>>> print(open('my_file19.cif').read())   # mmCIF, C-alpha atoms
data_my_file
loop_
_atom_site.label_atom_id
_atom_site.label_comp_id
_atom_site.auth_asym_id
_atom_site.auth_seq_id
_atom_site.Cartn_x
_atom_site.Cartn_y
_atom_site.Cartn_z
CA MET H 1125 -0.06 -34.82 -10.03
CA LYS H 1126 0.72 -35.88 -6.49
CA ASN H 1127 4.29 -34.63 -6.39
CA ASP H 1128 5.07 -36.11 -2.98
CA GLN H 1129 4.51 -39.65 -4.29
CA LEU H 1130 6.74 -39.10 -7.28
CA LEU H 1131 9.42 -37.34 -5.23
CA ALA H 1132 9.50 -40.24 -2.77
CA GLN H 1133 9.97 -42.66 -5.66
CA ILE H 1134 12.79 -40.58 -7.19
CA THR H 1135 14.50 -39.99 -3.85
CA GLU H 1136 14.53 -43.72 -3.07
CA PHE H 1137 15.94 -44.53 -6.52
CA CYS H 1138 18.68 -41.90 -6.20
CA ARG H 1139 19.59 -43.18 -2.73
CA GLN H 1140 19.88 -46.79 -3.87
CA SER H 1141 21.75 -45.81 -7.06
CA ASP H 1142 24.02 -43.27 -5.32
CA MET H 1143 22.96 -40.75 -7.96
CA ALA H 1144 22.56 -36.98 -7.64
CA GLU H 1145 19.03 -35.71 -8.21
CA SER H 1146 20.22 -33.35 -10.94
CA THR H 1147 21.87 -36.28 -12.72
CA PHE H 1148 18.65 -38.27 -12.48
CA GLY H 1149 16.71 -35.42 -14.08
CA ARG H 1150 19.14 -35.10 -16.97
CA ARG H 1151 19.22 -38.83 -17.68
CA ALA H 1152 15.49 -39.41 -17.29
CA VAL H 1153 13.98 -36.41 -19.08
CA ASN H 1154 16.95 -34.18 -20.03
CA ASP H 1155 16.10 -31.68 -17.27
CA GLY H 1156 18.62 -31.27 -14.47
CA LYS H 1157 16.17 -29.15 -12.48
CA LEU H 1158 13.32 -31.67 -12.61
CA VAL H 1159 13.39 -32.59 -8.91
CA HIS H 1160 13.77 -28.96 -7.85
CA ARG H 1161 10.73 -28.02 -9.94
CA LEU H 1162 8.69 -30.82 -8.40
CA ARG H 1163 9.55 -29.62 -4.90
CA GLU H 1164 8.40 -26.14 -5.91
CA GLY H 1165 5.00 -27.59 -6.79
CA LYS H 1166 5.41 -27.54 -10.56
CA ARG H 1167 3.20 -29.84 -12.59
CA ILE H 1168 4.48 -32.33 -15.17
CA THR H 1169 2.79 -33.93 -18.14
CA ILE H 1170 1.74 -37.57 -18.25
CA ASP H 1171 4.37 -38.12 -20.96
CA THR H 1172 7.10 -36.83 -18.62
CA LEU H 1173 5.79 -39.09 -15.85
CA ASP H 1174 5.94 -42.10 -18.17
CA ARG H 1175 9.54 -41.26 -19.15
CA ILE H 1176 10.56 -40.97 -15.48
CA GLN H 1177 9.03 -44.29 -14.54
CA ALA H 1178 10.36 -46.00 -17.67
CA TYR H 1179 13.89 -44.81 -16.81
CA ILE H 1180 13.61 -46.11 -13.24
CA ALA H 1181 12.22 -49.43 -14.47
CA ALA H 1182 14.99 -49.82 -17.08
CA SER H 1183 17.69 -48.94 -14.54
CA THR H 1184 16.42 -51.36 -11.89
CA GLY H 1185 15.35 -54.15 -14.24
CA THR H 1186 11.76 -54.09 -12.98
CA LEU H 1187 8.40 -53.50 -14.58
CA PRO H 1188 7.22 -49.89 -14.56
CA PRO H 1189 5.08 -49.25 -11.48
CA PRO H 1190 1.38 -48.45 -11.86
CA ARG H 1191 0.86 -44.91 -12.99
CA LEU H 1192 0.50 -42.49 -10.10
CA ASP H 1193 -2.84 -40.78 -9.71
CA VAL H 1194 -3.28 -37.84 -12.01
CA VAL H 1195 -5.83 -35.24 -10.99
CA PRO H 1196 -6.31 -32.95 -13.99
CA GLU H 1197 -7.95 -29.58 -13.68
CA LYS H 1198 -11.49 -29.48 -15.01
CA ARG H 1199 -11.55 -28.49 -18.65
CA ASP H 1200 -15.29 -28.59 -19.26
CA PRO H 1201 -16.27 -24.97 -19.94
CA LYS H 1202 -19.71 -25.42 -18.39
CA SER H 1203 -18.36 -26.64 -15.04
CA ASN H 1204 -15.14 -24.63 -15.03
CA PHE H 1205 -16.51 -21.21 -15.97
CA ARG H 1206 -15.25 -18.57 -13.58
CA PHE H 1207 -17.20 -18.79 -10.31
CA PHE H 1208 -17.39 -15.05 -9.82
CA GLU H 1209 -19.62 -14.70 -12.88
CA ASN H 1210 -22.60 -15.82 -10.76
CA ARG H 1211 -24.02 -12.35 -10.28
CA GLN H 1212 -26.62 -13.26 -7.67
CA LYS H 1213 -24.11 -14.79 -5.27
CA TYR H 1214 -21.62 -12.02 -5.91
CA LEU H 1215 -24.02 -9.16 -5.30
CA LEU H 1216 -25.52 -10.73 -2.18
CA PHE H 1217 -22.02 -11.30 -0.79
CA VAL H 1218 -20.89 -7.75 -1.57
CA HIS H 1219 -23.92 -6.19 0.09
CA THR H 1220 -23.90 -8.35 3.22
CA CYS H 1221 -20.16 -8.61 3.95
CA SER H 1222 -17.53 -5.96 4.68
CA GLU H 1223 -14.70 -7.43 2.60
CA LYS H 1224 -14.55 -4.59 0.05
CA ARG H 1225 -14.19 -1.92 2.75
CA VAL H 1226 -11.67 -3.91 4.79
CA VAL H 1227 -9.58 -4.76 1.71
CA ALA H 1228 -9.52 -1.09 0.70
CA GLU H 1229 -8.32 -0.16 4.19
CA ARG H 1230 -5.56 -2.78 3.97
CA VAL H 1231 -4.48 -1.51 0.55
CA GLY H 1232 -4.53 2.05 1.86
CA LEU H 1233 -1.83 1.16 4.39
CA GLU H 1234 0.60 0.61 1.50
CA LEU H 1235 0.32 4.25 0.44
CA ALA H 1236 2.63 5.25 3.30
CA SER H 1237 5.40 3.34 1.49
CA ILE H 1238 4.70 4.85 -1.93
CA HIS H 1239 6.95 7.69 -3.13
CA PRO H 1240 5.62 8.78 -6.54
CA ARG H 1241 7.79 10.53 -9.09
CA PRO H 1242 6.74 12.87 -11.91
CA PRO H 1243 4.72 12.89 -13.99
CA ALA H 1244 2.11 10.83 -12.08
CA LEU H 1245 1.27 8.29 -9.41
CA ARG H 1246 0.52 5.11 -11.33
CA LEU H 1247 -1.94 2.50 -9.98
CA PHE H 1248 -3.08 -0.79 -11.51
CA ASP H 1249 -6.05 -2.81 -10.22
CA ALA H 1250 -5.75 -6.43 -11.37
CA GLY H 1251 -9.48 -7.13 -11.34
CA VAL H 1252 -11.58 -4.08 -10.52
CA GLY H 1253 -14.81 -6.02 -9.95
CA ASP H 1254 -17.58 -3.52 -9.28
CA GLY H 1255 -15.03 -0.76 -8.59
CA THR H 1256 -15.77 -0.47 -4.86
CA VAL H 1257 -12.23 -1.24 -3.66
CA LEU H 1258 -10.68 0.95 -6.33
CA SER H 1259 -12.89 3.96 -5.60
CA LYS H 1260 -12.23 3.70 -1.85
CA VAL H 1261 -8.47 3.45 -2.44
CA LEU H 1262 -8.62 6.48 -4.75
CA ARG H 1263 -10.33 8.51 -2.03
CA THR H 1264 -7.49 7.64 0.32
CA MET H 1265 -4.92 8.44 -2.39
CA HIS H 1266 -6.50 11.84 -2.95
CA GLY H 1267 -6.25 12.60 0.76
CA ARG H 1268 -2.55 11.72 0.79
CA PHE H 1269 -1.58 13.07 -2.66
CA PRO H 1270 -4.18 15.78 -3.47
CA HIS H 1271 -2.10 17.60 -6.09
CA ILE H 1272 -0.36 14.72 -7.87
CA PRO H 1273 -1.81 13.49 -11.22
CA PHE H 1274 -3.11 9.92 -11.15
CA TYR H 1275 -2.81 7.28 -13.86
CA VAL H 1276 -5.34 4.60 -12.91
CA ALA H 1277 -5.55 1.40 -14.95
CA GLY H 1278 -7.77 -1.58 -14.27
CA LYS H 1279 -8.45 -5.01 -15.75
CA GLU H 1280 -11.95 -6.45 -15.87
CA LEU H 1281 -13.52 -8.99 -18.20
CA SER H 1282 -17.10 -8.76 -16.96
CA LEU H 1283 -19.27 -6.26 -18.84
CA GLU H 1284 -21.55 -5.76 -15.84
CA ASP H 1285 -18.60 -5.02 -13.56
CA VAL H 1286 -17.20 -2.52 -16.05
CA ARG H 1287 -20.53 -0.70 -16.00
CA LEU H 1288 -20.59 -0.63 -12.20
CA THR H 1289 -16.99 0.62 -12.10
CA LEU H 1290 -17.66 3.38 -14.61
CA GLU H 1291 -20.57 4.58 -12.47
CA LYS H 1292 -18.01 5.49 -9.79
CA VAL H 1293 -15.62 7.32 -12.11
CA PRO H 1294 -17.50 10.67 -12.35
CA ASP H 1295 -17.14 11.40 -8.63
CA ARG H 1296 -13.44 10.51 -8.72
CA LEU H 1297 -12.87 12.81 -11.71
CA PHE H 1298 -14.69 15.63 -9.96
CA GLU H 1299 -12.69 15.32 -6.73
CA HIS H 1300 -9.35 14.60 -8.41
CA PRO H 1301 -9.57 16.16 -11.90
CA ALA H 1302 -5.94 15.42 -12.81
CA SER H 1303 -6.70 11.74 -13.43
CA VAL H 1304 -6.52 9.38 -16.38
CA PHE H 1305 -8.63 6.21 -16.18
CA VAL H 1306 -7.92 3.18 -18.34
CA ILE H 1307 -10.11 0.06 -18.30
CA THR H 1308 -9.13 -3.02 -20.30
CA ASN H 1309 -10.28 -6.61 -20.73
CA MET H 1310 -6.82 -8.02 -21.52
CA ASN H 1311 -5.17 -10.76 -19.48
CA TYR H 1312 -2.67 -10.26 -16.68
CA ALA H 1313 0.41 -10.55 -18.89
CA GLU H 1314 -0.94 -7.93 -21.31
CA ALA H 1315 -3.10 -5.47 -19.36
CA PRO H 1316 -0.38 -3.42 -17.58
CA TRP H 1317 1.19 -2.62 -20.96
CA LEU H 1318 -2.12 -2.48 -22.90
CA THR H 1319 -0.42 -4.64 -25.50
CA PRO H 1320 -1.72 -8.07 -26.64
CA ALA H 1321 0.96 -10.74 -26.78
CA SER H 1322 -0.06 -11.93 -30.24
CA PRO H 1323 0.57 -9.56 -33.20
CA SER H 1324 -2.54 -10.88 -34.95
CA VAL H 1325 -4.68 -10.15 -31.89
CA ALA H 1326 -3.05 -6.74 -31.50
CA ALA H 1327 -4.19 -5.89 -35.03
CA SER H 1328 -7.81 -6.32 -33.92
CA MET H 1329 -7.44 -4.24 -30.75
CA ILE H 1330 -10.04 -1.55 -30.05
CA TRP H 1331 -8.58 1.65 -28.61
CA HIS H 1332 -11.29 4.06 -27.50
CA GLU H 1333 -10.38 7.46 -26.03
CA VAL H 1334 -13.12 9.48 -24.34
CA VAL H 1335 -12.35 13.13 -23.65
CA LEU H 1336 -14.96 14.28 -21.13
CA GLN H 1337 -16.43 17.76 -21.41
CA GLY H 1338 -17.70 19.89 -18.54
CA ASP H 1339 -16.67 20.29 -14.93
CA SER H 1340 -19.28 18.47 -12.84
CA SER H 1341 -19.87 14.83 -11.93
CA GLY H 1342 -23.26 15.11 -13.64
CA ASP H 1343 -21.62 16.14 -16.91
CA PHE H 1344 -19.20 13.24 -16.73
CA GLU H 1345 -21.89 10.74 -15.75
CA ALA H 1346 -24.03 11.58 -18.78
CA GLN H 1347 -21.12 11.06 -21.17
CA ILE H 1348 -19.98 7.84 -19.51
CA THR H 1349 -23.53 6.47 -19.53
CA ALA H 1350 -23.58 7.12 -23.28
CA LEU H 1351 -20.82 4.51 -23.63
CA LYS H 1352 -23.33 1.70 -23.06
CA PRO H 1353 -23.76 0.78 -26.76
CA PHE H 1354 -19.98 0.78 -27.27
CA LEU H 1355 -19.48 -1.55 -24.30
CA GLU H 1356 -22.27 -3.92 -25.33
CA GLN H 1357 -20.83 -4.20 -28.80
CA ASN H 1358 -17.17 -4.62 -27.89
CA TRP H 1359 -16.82 -5.87 -24.29
CA ARG H 1360 -17.48 -9.51 -25.06
CA ALA H 1361 -16.05 -12.71 -23.62
CA ASN H 1362 -15.95 -16.31 -24.75
CA VAL H 1363 -15.02 -19.51 -22.94
CA SER H 1364 -11.62 -20.92 -23.85
CA PRO H 1365 -11.98 -24.50 -25.15
CA ARG H 1366 -8.49 -25.23 -23.79
CA THR H 1367 -8.80 -23.95 -20.21
CA GLY H 1368 -12.53 -23.52 -19.71
CA MET H 1369 -11.89 -19.98 -18.49
CA PRO H 1370 -13.44 -16.80 -19.91
CA VAL H 1371 -11.31 -14.91 -22.43
CA TYR H 1372 -11.86 -11.68 -24.31
CA GLU H 1373 -13.25 -11.78 -27.85
CA ARG H 1374 -11.28 -8.69 -28.88
CA PRO H 1375 -8.84 -6.68 -26.73
CA VAL H 1376 -10.20 -3.29 -25.69
CA ALA H 1377 -8.60 -0.28 -24.01
CA LEU H 1378 -11.00 2.42 -22.82
CA VAL H 1379 -9.25 5.70 -21.88
CA LEU H 1380 -11.08 8.50 -20.04
CA TYR H 1381 -9.93 11.92 -18.84
CA ARG H 1382 -11.17 15.51 -18.52
CA GLU H 1383 -10.79 17.80 -21.52
CA ASP H 1384 -10.00 20.79 -19.28
CA HIS H 1385 -6.97 18.91 -17.92
CA ARG H 1386 -5.72 17.51 -21.22
CA PHE H 1387 -2.68 19.85 -21.30
CA LEU H 1388 -1.59 18.87 -17.78
CA LEU H 1389 -2.16 15.17 -18.44
CA ASP H 1390 -0.56 15.01 -21.89
CA GLY H 1391 2.55 13.24 -20.61
CA ILE H 1392 0.60 10.39 -18.98
CA ILE H 1393 -2.27 9.80 -21.40
CA PRO H 1394 -1.52 6.41 -23.01
CA ARG H 1395 -1.38 6.14 -26.79
CA ALA H 1396 -1.72 2.97 -28.83
CA GLY H 1397 1.70 1.42 -29.28
CA ARG H 1398 3.30 3.76 -26.72
CA VAL H 1399 2.38 2.50 -23.25
CA GLU H 1400 4.56 1.87 -20.22
CA ALA H 1401 3.70 -0.09 -17.09
CA ASN H 1402 5.99 1.07 -14.25
CA PHE H 1403 3.31 1.12 -11.56
CA ASP H 1404 3.75 2.56 -8.08
CA LEU H 1405 0.99 0.36 -6.69
CA ILE H 1406 -0.65 -2.83 -7.99
CA ILE H 1407 -3.74 -4.25 -6.29
CA ALA H 1408 -4.20 -8.00 -6.76
CA SER H 1409 -7.22 -8.76 -4.58
CA GLN H 1410 -8.68 -12.25 -5.17
CA PRO H 1411 -7.28 -12.42 -8.74
CA TYR H 1412 -7.38 -16.25 -8.92
CA ARG H 1413 -9.68 -19.13 -8.06
CA ALA H 1414 -9.26 -20.65 -4.60
CA ARG H 1415 -8.55 -24.07 -6.09
CA SER H 1416 -6.11 -22.93 -8.78
CA SER H 1417 -2.63 -24.40 -8.55
CA VAL H 1418 0.26 -22.46 -7.09
CA ASN H 1419 2.01 -22.78 -10.46
CA PHE H 1420 -0.93 -21.20 -12.30
CA ARG H 1421 -1.13 -18.32 -9.82
CA ALA H 1422 2.59 -17.61 -10.03
CA LYS H 1423 3.10 -18.03 -13.78
CA ARG H 1424 -0.08 -16.53 -15.19
CA ILE H 1425 -0.96 -13.81 -12.70
CA ILE H 1426 1.45 -12.65 -9.99
CA ALA H 1427 4.78 -12.93 -11.83
CA PRO H 1428 3.56 -10.86 -14.83
CA LEU H 1429 2.15 -8.24 -12.47
CA ALA H 1430 5.41 -8.08 -10.51
CA ARG H 1431 7.25 -7.34 -13.75
CA ALA H 1432 5.05 -4.25 -14.14
CA LEU H 1433 6.34 -2.59 -10.95
CA LYS H 1434 8.53 0.51 -11.18
CA PRO H 1435 11.51 1.04 -8.83
CA GLY H 1436 9.97 1.60 -5.41
CA GLY H 1437 6.64 0.12 -6.57
CA ARG H 1438 4.58 -2.27 -4.46
CA LEU H 1439 2.21 -5.10 -5.34
CA ILE H 1440 -0.23 -6.11 -2.62
CA GLY H 1441 -1.85 -9.51 -3.09
CA ILE H 1442 -4.86 -10.67 -1.12
CA HIS H 1443 -6.68 -14.01 -1.09
CA SER H 1444 -8.88 -16.06 1.21
CA HIS H 1445 -7.15 -17.74 4.13
CA GLY H 1446 -9.80 -20.03 5.63
CA HIS H 1447 -9.58 -21.28 9.23
CA ASP H 1448 -12.69 -19.26 10.06
CA PRO H 1449 -16.40 -19.72 10.87
CA GLY H 1450 -17.18 -19.49 7.17
CA LEU H 1451 -15.19 -22.64 6.54
CA ASP H 1452 -16.92 -24.27 9.53
CA ILE H 1453 -20.23 -23.93 7.64
CA ILE H 1454 -18.73 -25.57 4.55
CA GLN H 1455 -17.19 -28.45 6.51
CA ALA H 1456 -20.43 -29.10 8.35
CA VAL H 1457 -21.95 -29.99 4.97
CA TRP H 1458 -18.84 -31.38 3.24
CA PRO H 1459 -16.50 -32.75 5.96
CA GLY H 1460 -12.83 -32.24 5.19
CA GLU H 1461 -13.47 -29.65 2.47
CA ASN H 1462 -10.69 -27.03 2.33
CA PRO H 1463 -10.25 -25.02 -0.86
CA PHE H 1464 -7.65 -22.74 0.72
CA SER H 1465 -4.66 -25.04 0.35
CA VAL H 1466 -2.12 -22.59 -1.12
CA SER H 1467 -0.59 -20.23 1.43
CA ARG H 1468 1.07 -16.92 0.71
CA HIS H 1469 4.43 -18.48 1.60
CA GLU H 1470 4.09 -21.17 -1.09
CA LEU H 1471 2.89 -18.63 -3.61
CA LEU H 1472 5.78 -16.22 -3.05
CA ARG H 1473 8.29 -19.07 -3.37
CA ALA H 1474 6.71 -20.05 -6.68
CA VAL H 1475 6.70 -16.45 -7.94
CA LYS H 1476 10.35 -16.01 -7.02
CA TYR H 1477 11.22 -19.20 -8.86
CA GLU H 1478 9.13 -18.18 -11.89
CA LEU H 1479 10.80 -14.76 -12.14
CA GLY H 1480 14.31 -16.16 -11.82
CA SER H 1481 17.04 -13.61 -12.41
CA SER H 1482 14.50 -10.92 -13.35
CA GLY H 1483 13.29 -10.95 -9.75
CA ARG H 1484 16.63 -10.15 -8.16
CA ASP H 1485 15.64 -6.57 -7.37
CA LEU H 1486 12.32 -7.60 -5.82
CA ASN H 1487 11.50 -8.13 -2.15
CA PHE H 1488 8.98 -10.86 -1.31
CA ASN H 1489 7.20 -10.05 1.95
CA ALA H 1490 4.93 -12.69 3.47
CA TYR H 1491 4.98 -10.99 6.89
CA ALA H 1492 3.90 -12.54 10.18
CA ASP H 1493 0.30 -13.67 10.59
CA ASN H 1494 -0.63 -10.74 12.82
CA ARG H 1495 0.24 -8.35 9.98
CA SER H 1496 -0.75 -10.45 6.99
CA ILE H 1497 -4.09 -11.92 8.07
CA PHE H 1498 -7.11 -9.71 8.54
CA ARG H 1499 -10.77 -10.30 9.22
CA TYR H 1500 -14.01 -9.13 7.66
CA GLU H 1501 -17.55 -9.89 8.73
CA MET H 1502 -21.05 -10.54 7.56
CA GLU H 1503 -22.86 -7.41 8.60
CA ALA H 1504 -26.04 -8.16 10.53
CA LEU H 1505 -27.98 -6.54 13.35
CA PRO H 1506 -27.18 -8.00 16.79
CA ASN H 1507 -30.70 -9.37 17.27
CA GLU H 1508 -30.45 -11.20 13.93
CA VAL H 1509 -27.78 -13.57 15.27
CA THR H 1510 -28.49 -13.68 19.01
CA GLY H 1511 -32.22 -14.38 18.83
CA ALA H 1512 -34.18 -16.64 16.54
CA ILE H 1513 -32.15 -16.72 13.32
CA GLY H 1514 -34.47 -16.12 10.40
CA THR H 1515 -34.24 -17.76 7.02
CA SER H 1516 -32.94 -14.63 5.29
CA THR H 1517 -30.03 -14.25 7.75
CA ALA H 1518 -29.17 -17.95 7.55
CA PHE H 1519 -29.34 -17.82 3.75
CA ALA H 1520 -27.05 -14.76 3.62
CA ALA H 1521 -24.52 -16.61 5.81
CA TRP H 1522 -24.74 -19.74 3.65
CA ASN H 1523 -24.35 -17.69 0.47
CA ALA H 1524 -21.29 -15.89 1.86
CA ALA H 1525 -19.68 -19.17 2.91
CA VAL H 1526 -20.18 -20.92 -0.44
CA TYR H 1527 -19.15 -17.78 -2.35
CA VAL H 1528 -15.86 -17.46 -0.47
CA ALA H 1529 -15.18 -21.21 -0.74
CA GLN H 1530 -16.18 -21.14 -4.43
CA ILE H 1531 -18.36 -24.25 -4.24
CA GLU H 1532 -19.45 -25.41 -7.68
CA GLU H 1533 -23.08 -25.13 -8.75
CA ASP H 1534 -23.58 -28.86 -9.18
CA ARG H 1535 -22.54 -29.50 -5.58
CA LEU H 1536 -24.85 -26.77 -4.34
CA THR H 1537 -27.72 -28.36 -6.24
CA GLU H 1538 -27.18 -31.59 -4.32
CA VAL H 1539 -28.01 -29.92 -0.99
CA ALA H 1540 -30.54 -27.38 -2.27
CA HIS H 1541 -33.58 -29.42 -1.23
CA SER H 1542 -32.35 -30.37 2.23
CA SER H 1543 -32.15 -28.34 5.42
CA ARG H 1544 -28.48 -29.18 6.01
CA ALA H 1545 -27.18 -25.93 4.54
CA LEU H 1546 -29.28 -23.48 6.53
CA ASP H 1547 -29.02 -25.60 9.67
CA ALA H 1548 -25.22 -25.49 9.42
CA ALA H 1549 -25.32 -21.70 8.92
CA ARG H 1550 -27.58 -21.21 11.95
CA GLU H 1551 -25.39 -23.42 14.12
CA VAL H 1552 -22.24 -21.46 13.27
CA LEU H 1553 -23.98 -18.10 13.72
CA ARG H 1554 -25.13 -19.13 17.21
CA LYS H 1555 -21.76 -20.55 18.16
CA HIS H 1556 -19.80 -17.42 17.18
CA ASN H 1557 -22.51 -14.77 17.59
CA GLY H 1558 -21.92 -13.84 14.00
CA LEU H 1559 -19.95 -14.82 10.93
CA TRP H 1560 -16.54 -13.71 9.76
CA PHE H 1561 -13.85 -14.69 7.29
CA TYR H 1562 -10.07 -14.32 7.10
CA ASP H 1563 -8.05 -13.02 4.14
CA GLU H 1564 -4.27 -13.08 3.99
CA SER H 1565 -2.08 -10.50 2.29
CA TYR H 1566 1.47 -10.35 0.96
CA VAL H 1567 3.59 -7.65 -0.69
CA ILE H 1568 6.10 -7.77 -3.53
CA SER H 1569 8.14 -4.59 -3.81
CA ARG H 1570 10.82 -3.45 -6.22
CA ARG H 1571 13.90 -1.83 -4.75
CA ARG H 1572 14.37 1.83 -5.46
CA ASP H 1573 17.11 3.01 -7.83
#
>>> encode(input="my_file19.cif", output="structure tokens")
Amino acid sequence: MKNDQLLAQITEFCRQSDMAESTFGRRAVNDGKLVHRLREGKRITIDTLDRIQAYIAASTGTLPPPRLDVVPEKRDPKSNFRFFENRQKYLLFVHTCSEKRVVAERVGLELASIHPRPPALRLFDAGVGDGTVLSKVLRTMHGRFPHIPFYVAGKELSLEDVRLTLEKVPDRLFEHPASVFVITNMNYAEAPWLTPASPSVAASMIWHEVVLQGDSSGDFEAQITALKPFLEQNWRANVSPRTGMPVYERPVALVLYREDHRFLLDGIIPRAGRVEANFDLIIASQPYRARSSVNFRAKRIIAPLARALKPGGRLIGIHSHGHDPGLDIIQAVWPGENPFSVSRHELLRAVKYELGSSGRDLNFNAYADNRSIFRYEMEALPNEVTGAIGTSTAFAAWNAAVYVAQIEEDRLTEVAHSSRALDAAREVLRKHNGLWFYDESYVISRRRD
């Protein structure tokens, strides 16, 4: 819904009728906060729109105006399946760009503001991906808090990403043995508490505790590798017919820790039905699609995660910012294209509104651009971008640009047989002597007791 059109219509009616906006909302749709919600970017249903326009028409004695344009989100599962499930694009991006390392460094800066309390430092990764960011952050955590037990929980729906993450766990358990790892496929409103919202779904939950024997990374690796059949059988996802997004088939919680540290860790090992959130640090790096609405981001992802913070806890959110050479490549092929329309400022306003009174003890920190926005690059040898730019380098740049911008497969197919894509990538590489992208970050923190 184009809220600005509807707001202009309501504002003009209220001005001519000498009516308060809250009064208009109550009389039109029995919602005194209607106009406020629209200004916050909230969506309304077509039925609500019809009621608003019918009320204006009845009050002014005119025919209802033509219905304003409605731009629904795609619901077709085939076209709306989560972009990041394209493994080829994902892996090529990860191995040619420095985003994972730079994001981990940015997250690591938050550790200076963390003051853990017994019995453990609690971290939640809201989308572990292949585990690279998490493992790098854990190395930094170990350097700062070498003798404090860690409770590390992560959400990930992709079976392949869970496998890649688990490959990194043995080294972390060897370096920091007083650690409990929990991986789950539940959604953002459930995962921090390891508790499905629906009682019927909770009854089907799979709780799998793995007590690792031995004292070497090789011992742990062998036992974690043996989990492959369990994961293949239980870590399954379907496509929601309502939203077109992937959803878990059955909720799973996989708990891993060292047997020789069971006594020390007893107070932080989660048990089914007895789990707390209360996280010191929550990482929310690229947890939503670039084109998702600000309302969806706030309601479904960031607000639930903010509720999981303990006093003194910090949530760091990171998403693509645009305004970079990567977007130049996209706009050379699709002029005017800009998937990065929701800023951190808009998002934090929406989260604050969504939380209401429960967010009174939270601080919402958008920060200035020089602190919030950071840059990562496509890593290439100098002669690959200053001399004749080969097809492989141009293709890597094109892949990175369309991955970050989350261009749909059908649109990519349209340009697959032309030279426009690689020509645009070469032009930008020459112009900037390389390729880089901008991410922006924000922090939500809970005040200490």
>>> closest_residue(input="my_file19.cif", among="H:Ile1330, H:Arg1360, H:Phe1274, H:Gly1441", to="Gly1391 in chain H", atoms="all atoms listed in the file")
H:Phe1274
>>> resolve_selection(input="my_file19.cif", expression="the PyMOL selection byres ((chain H and resi 1428-1436) around 7)", output="PDB file with C-alpha atoms, in the coordinates of the input")
ATOM      1  CA  TYR H1312      -2.670 -10.260 -16.680  1.00  0.00           C
ATOM      2  CA  ALA H1313       0.410 -10.550 -18.890  1.00  0.00           C
ATOM      3  CA  PRO H1316      -0.380  -3.420 -17.580  1.00  0.00           C
ATOM      4  CA  ALA H1401       3.700  -0.090 -17.090  1.00  0.00           C
ATOM      5  CA  ASN H1402       5.990   1.070 -14.250  1.00  0.00           C
ATOM      6  CA  PHE H1403       3.310   1.120 -11.560  1.00  0.00           C
ATOM      7  CA  ASP H1404       3.750   2.560  -8.080  1.00  0.00           C
ATOM      8  CA  ARG H1424      -0.080 -16.530 -15.190  1.00  0.00           C
ATOM      9  CA  ILE H1425      -0.960 -13.810 -12.700  1.00  0.00           C
ATOM     10  CA  ILE H1426       1.450 -12.650  -9.990  1.00  0.00           C
ATOM     11  CA  ALA H1427       4.780 -12.930 -11.830  1.00  0.00           C
ATOM     12  CA  GLY H1437       6.640   0.120  -6.570  1.00  0.00           C
ATOM     13  CA  ARG H1438       4.580  -2.270  -4.460  1.00  0.00           C
ATOM     14  CA  LEU H1439       2.210  -5.100  -5.340  1.00  0.00           C
ATOM     15  CA  SER H1569       8.140  -4.590  -3.810  1.00  0.00           C
ATOM     16  CA  ARG H1570      10.820  -3.450  -6.220  1.00  0.00           C
ATOM     17  CA  ARG H1571      13.900  -1.830  -4.750  1.00  0.00           C
ATOM     18  CA  ARG H1572      14.370   1.830  -5.460  1.00  0.00           C
ATOM     19  CA  ASP H1573      17.110   3.010  -7.830  1.00  0.00           C
TER      20      ASP H1573
END
>>> closest_residue(input="my_file19.cif", among="H:Ile1392, H:Ile1440, H:Leu1215, H:Leu1288", to="Phe1248 in chain H", atoms="only C-alpha atoms")
H:Ile1440
>>> residues_near_point(input="my_file19.cif", point="(-19.9, 19.4, -15.3)", cutoff="12 Å", atoms="all atoms listed in the file", output="VMD selection string")
chain H and resid 1294 to 1295 1297 to 1299 1301 1336 to 1347 1382 to 1384
>>> atom_distance(input="my_file19.cif", atom1="CA of Tyr1562 in chain H", atom2="CA of Cys1221 in chain H")
12.0 Å
>>> resolve_selection(input="my_file19.cif", expression="the PyMOL selection byres ((chain H and resi 1146) around 10)", output="list in words")
Cys1138, Met1143, Ala1144, Glu1145, Thr1147, Phe1148, Gly1149, Arg1150, Arg1151, Ala1152, Asn1154, Asp1155, Gly1156, Lys1157, Leu1158, Val1159 and His1160 of chain H
>>> atom_distance(input="my_file19.cif", atom1="CA of Gly1483 in chain H", atom2="CA of Arg1468 in chain H")
17.2 Å
>>> atom_distance(input="my_file19.cif", atom1="CA of Ala1321 in chain H", atom2="CA of Lys1166 in chain H")
23.8 Å
>>> residues_around(input="my_file19.cif", residues="Ala1525 in chain H", least_positions_apart="4", cutoff="7 Å", atoms="only C-alpha atoms", output="PDB file with C-alpha atoms, in the coordinates of the input")
ATOM      1  CA  GLY H1450     -17.180 -19.490   7.170  1.00  0.00           C
ATOM      2  CA  LEU H1451     -15.190 -22.640   6.540  1.00  0.00           C
ATOM      3  CA  ILE H1453     -20.230 -23.930   7.640  1.00  0.00           C
ATOM      4  CA  ILE H1454     -18.730 -25.570   4.550  1.00  0.00           C
ATOM      5  CA  ALA H1521     -24.520 -16.610   5.810  1.00  0.00           C
ATOM      6  CA  ALA H1529     -15.180 -21.210  -0.740  1.00  0.00           C
TER       7      ALA H1529
END
>>> resolve_selection(input="my_file19.cif", expression="the PyMOL selection byres ((chain H and resi 1446) around 7)", output="list of chain:residue names")
H:Ser1444, H:His1445, H:His1447, H:Asp1448, H:Leu1451, H:Phe1464, H:Phe1561, H:Tyr1562
